[in-house]
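Have a look at the structure below before the remarks.
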Amino acid sequence: MIGGITHVTMEAAELEHGVTLGTDLGFTLDFVDRVELPAAFEGIGTSDHTLPLALLAGPRGIRLEVVQHRRSTGRRGAYTPLFEGPPPHPGRPTVDRPGIRAALLRAGALADPACRAVAGPGGDAWFDSSGAPGGLAGLLCHAEDVRVEAAFWSAFARARWSTVGDEGAWGSVSSPLLPAPCRLVILPAEGDRPRHAMNDCGFPSIGVAATAIDADCARALAAGATLRAEPIVTTVGGRPLRMALIETPGGAPVELLSVHRDGSRGRPAARRAPVAPAASGAHPHPTTTAGAGPDDIHA
């Protein structure tokens, strides 16, 4: 079963700069790590690699994962975050997207939507200029067939919709970390675009908590998803995690995550890489020691 959305991933040219941006957006640094991944998992290169990663806790629960790949595609990521409150730096470039702004108003996702380029080219985010800062409130994505994408999220993660139509769908998906559901807005794709990659610019992927990855992957595929990577086991933030990667019918990457327990199936655990030093000026990174519930799914 899918427990809900745990994090959104942000690609950063430099991990330290990404962490600084995350703190500016209201997140708090939890830990910094270097994660061993087989080449087949992300499908970016031909060799296994070590991925610099930082995890930041959010005021509304959903976390921000900052990663630094060796190279980026230069293309816009699959997701655009929706933040409560005004942008932290009013001077950042304004992105004029009147059609999306109108859709967000119709959806009631944000009271006064304003789009800013926060994470470099392709790293747009929406803010509520009239609200108080409150962290990540929701996600926006695009799909060629809005109805098919909405049906997938209903079957896969029990999304609840207030509106589903050819011109857009909006509703919510639960999160194991949120007191309130995560808003989800799906709009028609903006023309032809290449397949989304895990090293796209901006916000390329999200993570969901899975209680049984094999069964949850099978259910996702039955609902129209494509399997990008079979489950693996690696260590993130001092805790072994089991992870699989799918893409939705609309092509958006989604990581399925669960705490690894002895006896569960999957590729043998990857060798643990040394923990990277915390970003300059950031808080020390503690190791979580709580029980293996949704809160302990770091990545």
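Simple scheme: letters A, B, ... for chains in structure tokens order, numbers from 1 for residues in each chain, numbers from 1 for ligands in the order shown.
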**Q.** Backbone-only DSSP, strand (DSSP E or B) members of stretch 30-156 of chain A, as a PyMOL selection string
**A.** chain A and resi 30-37+49-58+61-67+76+79-84+94+113-117+124-128+135-143
Q: For A:Ala54, list every protein, DNA or RNA residue within 7 Å, evaluated using only C-alpha atoms, and leave out those in the same chain fewer than 2 positions away; present the list as a list in words.
A: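 Listed by chain and then number, they are Phe31, Val32, Asp33, Leu56, Glu65, Val66 and Val67 of chain A.
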Q | Contact residues around A:Gly122 with only C-alpha atoms at 9 Å, ignoring same-chain residues under 6 positions, as an MDAnalysis selection string | A | chainID A and resid 74:77 200:203
Q) If you count only C-alpha atoms, which residues fall within 12 Å of stretch 16-18 of chain A, apart from same-chain ones fewer than 2 positions away, as a ChimeraX atom specification? A) /A:9-14,20-25,27,29,32,52-56,64-68,118-120,123,202-203,276-282
